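Chemist: Attaching a single structure in C-alpha cells format; questions to follow.
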Amino acid sequence: MNSAIKPERANPWAALACAASIVLAAADCAALEVIPAQTLARQSGCLECHSVYQKKVGPAWKDVASKYHGEADANQKLYAHVTTGRNAKFDDGHEEIHPVVKTSDAKRVHNLVDWILALPVAAPVDVASAEKLAKQSNCLKCHTVGAKKAGPAWKDVATKYLGSVGAEDMLYQHVTTGRKAKFEDGHEESHPVVKSGDRDRINNLVNWILSLK
Ligand code: HEC
Ligand code: HEC
C-alpha cells in the first residue's frame, strides 16, 4: 500500500449518504431522519422564529450550518443551545431566554441538531418524499424543476424568493389555500392544493422547491 494515499476524509458523497441515511459506515454518522427533525422543530415552536432558508427573527438554519461548518464540537454546542435555555440576543438588541426543544429524548434532539448542521453540505430535505407528494398532487402536470410549463419552473421560483423573509410561509399558503393563479393566456383559476394535510410533508415540499438551483 502506498502510504501517500490518504483516505478521502472530505468526500461529499460520504456526507450525502450520511445525511440521507443510505450508508451508515462512518462511526460518527448516525442515521439522519429529515421528517422527524422537521416535526420536532415545528412541535417545539422553532419555526415561529426560524426557517431553513430564510432569516426570520432568528438566523436561517442553513446559515447556522455554514457558521459551524468543520467545527469539531458544533454538535455539543448546538445541543446545549437548544436544551438549556440560555440567553439569545435579538436584532433589536434585547435579550431573552432562547426556547428549548419540547422533548427529553436525547436521540430526537441529536437528530434535529444533526439535520440543522447537515443543511448546506448534504440533503437539506427529504427529496424522495417531496417528489412523491408533488406527483401524488398532480403538480407535475404544470410544473417541472428546470423548465417552464403552464406554471413556472420550480428552480425559477426558488431564485425569485432567494433571501426573502417569509418565503416558506408564503409558498405554504400558496400550495394549501387554492387562491387564484394567473395563467399565461390571461385566464385565472384556483391554483391546485397539495393532497396531504401533513404539515411536515408540505413544509418539506416547500423547502425542497426553495432549495432548487
Ligand atoms: C422567539 C424566537 C426564537 C425561537 C422560538 C427559537 N429561536 Fe433559535 N434563535 C433565535 C435568535 C434570535 C437566535 C440568534 C441569537 C443567539 O443565538 O443568541 C437564535 C439562534 C439559534 C441557533 C443558532 C445558535 C448559534 O450558536 O449560532 C439555533 C441552532 C437555533 N436558534 C435553534 C432553535 C431551535 C431548535 C428552536 C426550537 C426549539 C429555536 N431555535 C427557537 C430565536 C428563536
Ligand atoms: C393547472 C396547472 C397547475 C398545477 C396542477 C399546479 N400549478 Fe403551481 N402554478 C401554476 C401557475 C400558472 C403558476 C403561476 C401563476 C401564479 O402563481 O399566480 C403557479 C405557481 C406556483 C408556484 C410559485 C408561486 C409564487 O408565489 O411564485 C409554486 C411554488 C407552485 N405553483 C407549486 C405548485 C404545487 C406544489 C403544485 C401541486 C400541488 C402545483 N403548483 C400545481 C399552475 C399550476
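Naming works like this for the C-alpha cells: A, B, ... for the chains as they're shown, residue 1 at the start of each chain, ligands 1 onward in shown order.
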Write out as a list in words each polymer residue whose atoms come within 7 Å of segment 128-142 of chain A, counting only C-alpha atoms; drop sequence neighbours fewer than 4 positions from it.

Modeler: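 Using only C-alpha atoms, the neighbours found are Lys149, Ala150, Gly151, Val194, Lys195, Asn204, Leu205 and Trp208 of chain A.
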
Chemist: Selected residues, N, CA and C atoms, written as a PDB file, in the first residue's frame, please.

Modeler:
ATOM      1  N   LYS A 149     -43.595  25.128 -17.755  1.00  0.00           N
ATOM      2  CA  LYS A 149     -44.738  24.520 -18.444  1.00  0.00           C
ATOM      3  C   LYS A 149     -45.885  25.523 -18.298  1.00  0.00           C
ATOM      4  N   ALA A 150     -47.070  25.081 -17.914  1.00  0.00           N
ATOM      5  CA  ALA A 150     -48.149  26.035 -17.653  1.00  0.00           C
ATOM      6  C   ALA A 150     -47.787  26.911 -16.452  1.00  0.00           C
ATOM      7  N   GLY A 151     -47.097  26.329 -15.495  1.00  0.00           N
ATOM      8  CA  GLY A 151     -46.595  27.076 -14.337  1.00  0.00           C
ATOM      9  C   GLY A 151     -45.096  27.289 -14.455  1.00  0.00           C
ATOM     10  N   VAL A 194     -52.048  20.855  -2.409  1.00  0.00           N
ATOM     11  CA  VAL A 194     -51.420  19.553  -2.219  1.00  0.00           C
ATOM     12  C   VAL A 194     -52.397  18.563  -1.614  1.00  0.00           C
ATOM     13  N   LYS A 195     -52.233  17.297  -1.991  1.00  0.00           N
ATOM     14  CA  LYS A 195     -53.115  16.260  -1.487  1.00  0.00           C
ATOM     15  C   LYS A 195     -52.535  15.641  -0.229  1.00  0.00           C
ATOM     16  N   ASN A 204     -41.800  20.186   3.908  1.00  0.00           N
ATOM     17  CA  ASN A 204     -40.671  19.527   3.255  1.00  0.00           C
ATOM     18  C   ASN A 204     -40.687  19.792   1.747  1.00  0.00           C
ATOM     19  N   LEU A 205     -41.893  19.732   1.153  1.00  0.00           N
ATOM     20  CA  LEU A 205     -42.028  20.015  -0.284  1.00  0.00           C
ATOM     21  C   LEU A 205     -41.643  21.466  -0.576  1.00  0.00           C
ATOM     22  N   TRP A 208     -38.005  21.978  -0.279  1.00  0.00           N
ATOM     23  CA  TRP A 208     -37.313  21.378  -1.421  1.00  0.00           C
ATOM     24  C   TRP A 208     -37.369  22.348  -2.614  1.00  0.00           C
TER      25      TRP A 208
END

Chemist: Please provide the set of residues having any atom within 9 Å of Val101 of chain A, restricted to only C-alpha atoms, with same-chain residues fewer than 6 positions apart removed, written as JSON, numbers by chain.

Modeler: {"A": [40, 41, 43, 44, 45, 46, 82, 83, 109]}

Chemist: With N, CA and C atoms kept, could you save the residues just selected as a compact mmCIF listing (two decimals), in the first residue's frame?

Modeler:
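out-v1.txt was written with the following content:
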# COMPACT_ATOMS: atom_id res chain seq x y z
N LEU A 40 -40.15 17.75 14.99
CA LEU A 40 -39.75 18.24 16.31
C LEU A 40 -39.58 19.76 16.31
N ALA A 41 -39.03 20.29 15.23
CA ALA A 41 -38.85 21.74 15.13
C ALA A 41 -40.21 22.45 15.18
N GLN A 43 -43.14 21.17 16.36
CA GLN A 43 -43.77 20.94 17.66
C GLN A 43 -43.20 21.83 18.75
N SER A 44 -41.92 22.17 18.62
CA SER A 44 -41.26 22.96 19.65
C SER A 44 -41.40 24.46 19.41
N GLY A 45 -42.11 24.83 18.35
CA GLY A 45 -42.32 26.25 18.08
C GLY A 45 -41.12 26.95 17.46
N CYS A 46 -40.12 26.20 17.05
CA CYS A 46 -38.90 26.80 16.49
C CYS A 46 -39.21 27.58 15.22
N VAL A 82 -30.06 24.29 22.28
CA VAL A 82 -31.49 24.02 22.16
C VAL A 82 -32.07 23.25 23.34
N THR A 83 -31.23 22.96 24.34
CA THR A 83 -31.77 22.25 25.51
C THR A 83 -31.64 23.02 26.83
N VAL A 109 -33.39 14.92 19.82
CA VAL A 109 -32.71 16.22 19.81
C VAL A 109 -31.45 16.15 18.96

Chemist: One decimal, Å: what's the distance from atom 14 (C, counted along the ligand's line) of ligand 1 over to atom CA of Asn75 of chain A, could you say?

Modeler: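 These two atoms are separated by 16.5 Å.
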
Chemist: Can you pull out every residue within 6 Å of Ala181 of chain A, counting only C-alpha atoms, but drop anything in the same chain fewer than 4 positions away, and send it as a list in words?

Modeler: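 Neighbouring residues, sequence-local ones excluded: Glu188, Glu189, Ser190 and His191 of chain A.
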
Chemist: Between A:Leu210, A:Met170, A:Leu119, A:Ala106, which has the minimum distance to Gln76 of chain A (counting only C-alpha atoms)?

Modeler: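 Among the listed residues, A:Ala106 lies closest to Gln76 of chain A.
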
Chemist: Would you return as a VMD selection string the members of segment 46-189 of chain A that DSSP assigns to alpha helix (DSSP H) on this structure's backbone?

Modeler: chain A and resid 61 to 68 74 to 84 106 to 118 127 to 136 154 to 161 167 to 177

Chemist: Residues within 9 Å of ligand 1 should be enumerated using only C-alpha atoms and all ligand atoms and returned as an mmCIF file with N, CA and C atoms, in the first residue's frame.

Modeler:
data_model
loop_
_atom_site.group_PDB
_atom_site.id
_atom_site.type_symbol
_atom_site.label_atom_id
_atom_site.label_comp_id
_atom_site.auth_asym_id
_atom_site.auth_seq_id
_atom_site.Cartn_x
_atom_site.Cartn_y
_atom_site.Cartn_z
ATOM 1 N N LEU A 40 -40.153 17.754 14.988
ATOM 2 C CA LEU A 40 -39.746 18.236 16.315
ATOM 3 C C LEU A 40 -39.579 19.756 16.306
ATOM 4 N N ALA A 41 -39.029 20.286 15.232
ATOM 5 C CA ALA A 41 -38.852 21.735 15.132
ATOM 6 C C ALA A 41 -40.205 22.447 15.181
ATOM 7 N N ARG A 42 -41.167 21.895 14.461
ATOM 8 C CA ARG A 42 -42.480 22.541 14.448
ATOM 9 C C ARG A 42 -43.170 22.402 15.801
ATOM 10 N N GLN A 43 -43.137 21.175 16.363
ATOM 11 C CA GLN A 43 -43.774 20.935 17.664
ATOM 12 C C GLN A 43 -43.198 21.830 18.749
ATOM 13 N N SER A 44 -41.921 22.169 18.619
ATOM 14 C CA SER A 44 -41.264 22.964 19.651
ATOM 15 C C SER A 44 -41.402 24.460 19.411
ATOM 16 N N GLY A 45 -42.105 24.826 18.353
ATOM 17 C CA GLY A 45 -42.317 26.249 18.081
ATOM 18 C C GLY A 45 -41.119 26.945 17.459
ATOM 19 N N CYS A 46 -40.121 26.200 17.054
ATOM 20 C CA CYS A 46 -38.903 26.796 16.488
ATOM 21 C C CYS A 46 -39.208 27.585 15.218
ATOM 22 N N LEU A 47 -40.215 27.125 14.455
ATOM 23 C CA LEU A 47 -40.457 27.723 13.143
ATOM 24 C C LEU A 47 -41.133 29.091 13.237
ATOM 25 N N GLU A 48 -41.530 29.465 14.456
ATOM 26 C CA GLU A 48 -42.007 30.838 14.672
ATOM 27 C C GLU A 48 -40.884 31.821 14.364
ATOM 28 N N CYS A 49 -39.673 31.443 14.679
ATOM 29 C CA CYS A 49 -38.538 32.359 14.557
ATOM 30 C C CYS A 49 -37.485 31.905 13.552
ATOM 31 N N HIS A 50 -37.564 30.656 13.117
ATOM 32 C CA HIS A 50 -36.529 30.153 12.211
ATOM 33 C C HIS A 50 -37.153 29.558 10.970
ATOM 34 N N LYS A 56 -35.465 34.828 9.678
ATOM 35 C CA LYS A 56 -36.695 35.394 10.237
ATOM 36 C C LYS A 56 -36.247 36.178 11.465
ATOM 37 N N VAL A 57 -36.875 35.941 12.607
ATOM 38 C CA VAL A 57 -36.381 36.566 13.842
ATOM 39 C C VAL A 57 -35.007 35.996 14.198
ATOM 40 N N GLY A 58 -34.876 34.701 14.045
ATOM 41 C CA GLY A 58 -33.586 34.038 14.241
ATOM 42 C C GLY A 58 -32.917 33.782 12.899
ATOM 43 N N PRO A 59 -31.652 33.384 12.941
ATOM 44 C CA PRO A 59 -30.924 33.138 11.689
ATOM 45 C C PRO A 59 -31.491 31.954 10.911
ATOM 46 N N ALA A 60 -31.343 31.987 9.569
ATOM 47 C CA ALA A 60 -31.698 30.836 8.736
ATOM 48 C C ALA A 60 -30.823 29.664 9.171
ATOM 49 N N TRP A 61 -31.418 28.500 9.283
ATOM 50 C CA TRP A 61 -30.646 27.365 9.784
ATOM 51 C C TRP A 61 -29.524 26.959 8.846
ATOM 52 N N ASP A 63 -27.623 29.000 7.405
ATOM 53 C CA ASP A 63 -26.513 29.898 7.756
ATOM 54 C C ASP A 63 -25.846 29.463 9.068
ATOM 55 N N VAL A 64 -26.658 28.916 9.963
ATOM 56 C CA VAL A 64 -26.087 28.369 11.200
ATOM 57 C C VAL A 64 -25.141 27.215 10.839
ATOM 58 N N ALA A 65 -25.589 26.376 9.907
ATOM 59 C CA ALA A 65 -24.754 25.243 9.486
ATOM 60 C C ALA A 65 -23.451 25.734 8.866
ATOM 61 N N LYS A 67 -21.941 28.558 9.452
ATOM 62 C CA LYS A 67 -21.141 29.130 10.530
ATOM 63 C C LYS A 67 -20.350 28.053 11.280
ATOM 64 N N TYR A 68 -20.987 26.922 11.503
ATOM 65 C CA TYR A 68 -20.342 25.868 12.294
ATOM 66 C C TYR A 68 -19.610 24.837 11.450
ATOM 67 N N ALA A 74 -19.328 21.415 17.216
ATOM 68 C CA ALA A 74 -20.567 22.088 16.814
ATOM 69 C C ALA A 74 -21.791 21.368 17.374
ATOM 70 N N LYS A 77 -22.292 22.027 21.055
ATOM 71 C CA LYS A 77 -22.682 23.427 21.257
ATOM 72 C C LYS A 77 -24.159 23.637 20.942
ATOM 73 N N LEU A 78 -24.590 23.132 19.787
ATOM 74 C CA LEU A 78 -25.986 23.342 19.413
ATOM 75 C C LEU A 78 -26.923 22.513 20.281
ATOM 76 N N TYR A 79 -26.457 21.345 20.683
ATOM 77 C CA TYR A 79 -27.277 20.530 21.582
ATOM 78 C C TYR A 79 -27.542 21.326 22.863
ATOM 79 N N HIS A 81 -27.364 24.571 23.151
ATOM 80 C CA HIS A 81 -28.163 25.750 22.786
ATOM 81 C C HIS A 81 -29.663 25.453 22.808
ATOM 82 N N VAL A 82 -30.060 24.293 22.283
ATOM 83 C CA VAL A 82 -31.491 24.018 22.159
ATOM 84 C C VAL A 82 -32.072 23.250 23.342
ATOM 85 N N THR A 83 -31.227 22.963 24.344
ATOM 86 C CA THR A 83 -31.767 22.248 25.507
ATOM 87 C C THR A 83 -31.637 23.017 26.826
ATOM 88 N N ARG A 86 -30.353 29.195 27.358
ATOM 89 C CA ARG A 86 -29.511 30.352 27.691
ATOM 90 C C ARG A 86 -29.988 31.605 26.959
ATOM 91 N N ASN A 87 -29.431 32.745 27.302
ATOM 92 C CA ASN A 87 -29.874 33.992 26.686
ATOM 93 C C ASN A 87 -29.550 34.066 25.199
ATOM 94 N N ALA A 88 -30.517 34.541 24.415
ATOM 95 C CA ALA A 88 -30.274 34.774 22.987
ATOM 96 C C ALA A 88 -30.406 36.266 22.727
ATOM 97 N N LYS A 89 -29.565 36.785 21.866
ATOM 98 C CA LYS A 89 -29.572 38.206 21.547
ATOM 99 C C LYS A 89 -30.382 38.425 20.269
ATOM 100 N N PHE A 90 -31.363 39.299 20.331
ATOM 101 C CA PHE A 90 -32.204 39.568 19.175
ATOM 102 C C PHE A 90 -31.673 40.787 18.416
ATOM 103 N N ASP A 91 -32.144 40.936 17.162
ATOM 104 C CA ASP A 91 -31.654 42.010 16.293
ATOM 105 C C ASP A 91 -31.835 43.399 16.904
ATOM 106 N N GLU A 95 -32.414 40.931 24.931
ATOM 107 C CA GLU A 95 -32.067 39.524 25.139
ATOM 108 C C GLU A 95 -33.205 38.819 25.839
ATOM 109 N N GLU A 96 -33.433 37.593 25.471
ATOM 110 C CA GLU A 96 -34.382 36.775 26.222
ATOM 111 C C GLU A 96 -33.935 35.324 26.138
ATOM 112 N N ILE A 97 -34.514 34.512 27.013
ATOM 113 C CA ILE A 97 -34.151 33.103 27.049
ATOM 114 C C ILE A 97 -34.532 32.433 25.727
ATOM 115 N N HIS A 98 -33.582 31.778 25.117
ATOM 116 C CA HIS A 98 -33.874 31.052 23.882
ATOM 117 C C HIS A 98 -34.717 29.816 24.210
ATOM 118 N N PRO A 99 -35.795 29.596 23.438
ATOM 119 C CA PRO A 99 -36.650 28.430 23.723
ATOM 120 C C PRO A 99 -35.885 27.108 23.596
ATOM 121 N N VAL A 100 -36.379 26.098 24.292
ATOM 122 C CA VAL A 100 -35.755 24.775 24.213
ATOM 123 C C VAL A 100 -36.709 23.806 23.512
ATOM 124 N N VAL A 101 -36.148 22.703 23.070
ATOM 125 C CA VAL A 101 -36.967 21.705 22.381
ATOM 126 C C VAL A 101 -37.942 21.048 23.343
ATOM 127 N N LYS A 102 -39.116 20.698 22.824
ATOM 128 C CA LYS A 102 -40.141 20.092 23.660
ATOM 129 C C LYS A 102 -40.054 18.573 23.625
ATOM 130 N N VAL A 109 -33.387 14.922 19.818
ATOM 131 C CA VAL A 109 -32.713 16.223 19.814
ATOM 132 C C VAL A 109 -31.452 16.145 18.955
ATOM 133 N N LEU A 112 -32.328 16.336 15.346
ATOM 134 C CA LEU A 112 -32.646 17.701 14.902
ATOM 135 C C LEU A 112 -31.363 18.513 14.694
ATOM 136 N N VAL A 113 -30.468 18.429 15.655
ATOM 137 C CA VAL A 113 -29.206 19.173 15.575
ATOM 138 C C VAL A 113 -28.368 18.697 14.375
ATOM 139 N N ILE A 116 -29.865 20.127 11.198
ATOM 140 C CA ILE A 116 -29.524 21.544 11.019
ATOM 141 C C ILE A 116 -28.086 21.668 10.514
ATOM 142 N N LEU A 117 -27.180 20.935 11.131
ATOM 143 C CA LEU A 117 -25.762 21.055 10.746
ATOM 144 C C LEU A 117 -25.471 20.474 9.368
#

Chemist: List the neighbours of Glu168 of chain A out to 10 Å using only C-alpha atoms; skip same-chain residues closer than 6 positions along the sequence, and give me the result as a VMD selection string.

Modeler: chain A and resid 51 to 54 161 174 203 to 204 206 to 207 209 to 210

Chemist: Write to file, as a compact mmCIF listing (two decimals), in the first residue's frame, the residues of the selection just made, with C-alpha atoms.

Modeler:
# COMPACT_ATOMS: atom_id res chain seq x y z
CA SER A 51 -36.75 28.80 8.74
CA VAL A 52 -34.36 26.59 6.83
CA TYR A 53 -33.51 29.01 4.05
CA GLN A 54 -34.66 32.45 5.14
CA TYR A 161 -37.68 34.03 -3.45
CA HIS A 174 -49.88 29.10 -1.99
CA ASN A 203 -43.12 22.08 4.57
CA ASN A 204 -40.67 19.53 3.25
CA VAL A 206 -41.86 23.80 0.07
CA ASN A 207 -38.32 23.66 1.41
CA ILE A 209 -38.68 23.83 -4.00
CA LEU A 210 -36.87 26.73 -2.29

Chemist: Considering only C-alpha atoms and all ligand atoms, can you say which of A:Pro152, A:Gly197, A:Gly163, A:Gly178 comes closest to ligand 2?

Modeler: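 Between A:Pro152, A:Gly197, A:Gly163, A:Gly178, the residue approaching ligand 2 most closely is A:Pro152.
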
Chemist: To one decimal place, how far is atom 3 (C, counted along the ligand's line) of ligand 2 from atom CA of Pro192 of chain A in Å?

Modeler: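 Separation of atom 3 (C, counted along the ligand's line) of ligand 2 and atom CA of Pro192 of chain A: 6.2 Å.
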
Chemist: If you measure from atom CA of Phe183 of chain A to atom CA of Thr159 of chain A, what distance in Å do you get, rounded to one decimal?

Modeler: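 Going from atom CA of Phe183 of chain A over to atom CA of Thr159 of chain A covers 19.7 Å.
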
Chemist: Among the residues of segment 4-212 of chain A, find those DSSP assigns to strand (DSSP E or B) from the backbone and print them as an MDAnalysis selection string.

Modeler: chainID A and resid 87:89 95:97 143 148 180:182 188:190

Chemist: Which neighbours of Asp156 of chain A fall inside 10 Å, counting only C-alpha atoms, when residues of the same chain fewer than 5 positions from it are skipped, and could you give them as a PyMOL selection string?

Modeler: chain A and resi 145-148+161-162+209-210+212-213
